[in-house]
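Student: Please find one structure pasted underneath; my questions will follow.
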Amino acid sequence: MALLSLVLSPDPRLKQKSQPVEHIDEAFRRFLDDMLETMYASNGLGLAAVQVGVLKRALVLDIEQDERGVPVNPMKLINPRIVRFSEEKCDYKEGCLSFPGQFEDVTRPAEIEVEYTDENGELRTLKADGLLATCIQHEIDHLDGVTFVDHISRLKRDMILRKMKKEQKLAEKP
Ligand code: NI
């Protein structure tokens, strides 16, 4: 397995729409494993392919890793689609590996039902609530070029985007 490099805001790729995955082969399965390894290495709960620069509709999640980052319940969702949202909403303080150090409360539907293809090409349905429902919605947003800052007030969003631009400038300095 290999660590992949993360795409950070304000990289314009984070605003692009990802394309459906058409072939699930050994190389793609290896890529999903690399995504998981990258996610664990950065202590993330979820990662979308666009966040490692691949504009394909795939994401990985694990909301149950232990404090040493040991995989507990890794999930791989290919071409995921939310087919049902609850009326009820809930708030979570969200962060994102593409916005290191930034966290804000985001309100989203509390329960969802999602259809996806697994790494063996089987179509599956999953019901999720709580943190898992939030993470899945956050990651599926990435596949449509939407990030968590698009769900918060303009004032807070502009503040985060300004910080990210400043970090980028600092990183570019020799
Ligand atoms: Ni994210």
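Scheme for the structure tokens: letters A, B, ... for chains in order shown; per-chain residue numbers from 1; ligand numbers from 1 in order shown.
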Which residues, written as a ChimeraX atom specification, have at least one atom at most 8 Å from segment 58-60 of chain A, with only C-alpha atoms counted and residues fewer than 6 positions away on the same chain left out?
Tutor: /A:21,32,35-36,46-49,74-80,139-140,143
Student: Counting only C-alpha atoms and all ligand atoms, give me one row per residue of chain A with an atom at most 10 Å from an atom of ligand 1, showing the shortest contact pair and its distance in Å to one decimal, sorted by chain then residue number, as CSV.
Tutor:
```
residue,atom,partner,partner_atom_place_in_ligand_line,distance
A:Leu8,CA,ligand 1,1 (Ni),9.9
A:Leu14,CA,ligand 1,1 (Ni),9.4
A:Gly44,CA,ligand 1,1 (Ni),8.8
A:Leu45,CA,ligand 1,1 (Ni),9.0
A:Gly46,CA,ligand 1,1 (Ni),7.0
A:Leu47,CA,ligand 1,1 (Ni),6.4
A:Ala48,CA,ligand 1,1 (Ni),7.2
A:Val50,CA,ligand 1,1 (Ni),9.7
A:Gln51,CA,ligand 1,1 (Ni),7.7
A:Glu94,CA,ligand 1,1 (Ni),8.4
A:Gly95,CA,ligand 1,1 (Ni),6.7
A:Cys96,CA,ligand 1,1 (Ni),3.8
A:Leu97,CA,ligand 1,1 (Ni),5.6
A:Ser98,CA,ligand 1,1 (Ni),6.1
A:Phe99,CA,ligand 1,1 (Ni),7.6
A:Pro100,CA,ligand 1,1 (Ni),9.8
A:Cys135,CA,ligand 1,1 (Ni),8.5
A:Ile136,CA,ligand 1,1 (Ni),10.0
A:Gln137,CA,ligand 1,1 (Ni),9.8
A:His138,CA,ligand 1,1 (Ni),6.1
A:Glu139,CA,ligand 1,1 (Ni),5.9
A:Ile140,CA,ligand 1,1 (Ni),9.2
A:Asp141,CA,ligand 1,1 (Ni),8.3
A:His142,CA,ligand 1,1 (Ni),6.6
A:Val146,CA,ligand 1,1 (Ni),9.1
A:Thr147,CA,ligand 1,1 (Ni),6.3
A:Phe148,CA,ligand 1,1 (Ni),6.8
A:Val149,CA,ligand 1,1 (Ni),9.6
```
Student: Atom CA of Val72 of chain A and atom CA of Leu6 of chain A are how many Å apart?
Tutor: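 Pair atom CA of Val72 of chain A / atom CA of Leu6 of chain A returns 22.5 Å.
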Student: Considering only C-alpha atoms, state which residue in the set A:Phe28, A:Phe85, A:Tyr40, A:Tyr92 is at the smallest distance from Asp105 of chain A.
Tutor: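 So, comparing all the options, the nearest one is A:Tyr92.
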Student: Suppose you want the space between atom CA of Asp34 of chain A and atom CA of Ser5 of chain A; what is it in Å?
Tutor: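 Calculated distance between atom CA of Asp34 of chain A and atom CA of Ser5 of chain A is 10.4 Å.
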Student: Would you mind reading off the distance between atom CA of Lys89 of chain A and atom CA of Leu155 of chain A, one decimal, in Å?
Tutor: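 Spanning atom CA of Lys89 of chain A to atom CA of Leu155 of chain A is a straight-line distance of 22.4 Å.
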Student: From a backbone DSSP assignment, name each residue in segment 107-146 of chain A labelled strand (DSSP E), as a list of chain:residue names.
Tutor: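 Restricting segment 107-146 of chain A to strand (DSSP E) produces A:Thr107, A:Arg108, A:Pro109, A:Glu111, A:Ile112, A:Glu113, A:Val114, A:Glu115, A:Tyr116, A:Thr117, A:Leu123, A:Arg124, A:Thr125, A:Leu126, A:Lys127, A:Ala128, A:Asp129.
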Student: Write down as number ranges by chain the residues of chain A whose backbone DSSP state falls under alpha helix (DSSP H).
Tutor: A: 26-41, 130-143, 154-172
Student: Rank nothing, just name the residue among A:Thr134, A:Asn120, A:Ser86, A:Gln168 nearest to Leu61 of chain A, using only C-alpha atoms.
Tutor: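 Selected residue with least distance to Leu61 of chain A: A:Thr134.
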Student: Closest to Thr107 of chain A among A:His151, A:Lys15, A:Arg84, A:Arg157, using only C-alpha atoms?
Tutor: A:His151
Student: Go through A:Glu172, A:Glu119, A:Glu113, A:Glu104 and flag the residue nearest Ile160 of chain A, using only C-alpha atoms for the distances.
Tutor: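 Under the stated criterion, the closest residue is A:Glu104.
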Student: Quick one: residues within 9 Å of Met1 of chain A, only C-alpha atoms counted, chain neighbours fewer than 4 positions away excluded, as JSON, numbers by chain?
Tutor: {"A": [30, 31, 33, 34, 37]}
Student: Taking only C-alpha atoms into account, which of A:Gly145, A:Asp118, A:Thr125, A:Gly53 comes nearest Asp25 of chain A?
Tutor: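 Answer, going by the shortest atom-to-atom distance: A:Asp118.
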Student: Looking at only C-alpha atoms, which of A:Ser9, A:Ser42, A:Gln102, A:Leu132 is the one that sits closest to Lys169 of chain A?
Tutor: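 Smallest distance to Lys169 of chain A is found for A:Ser9.
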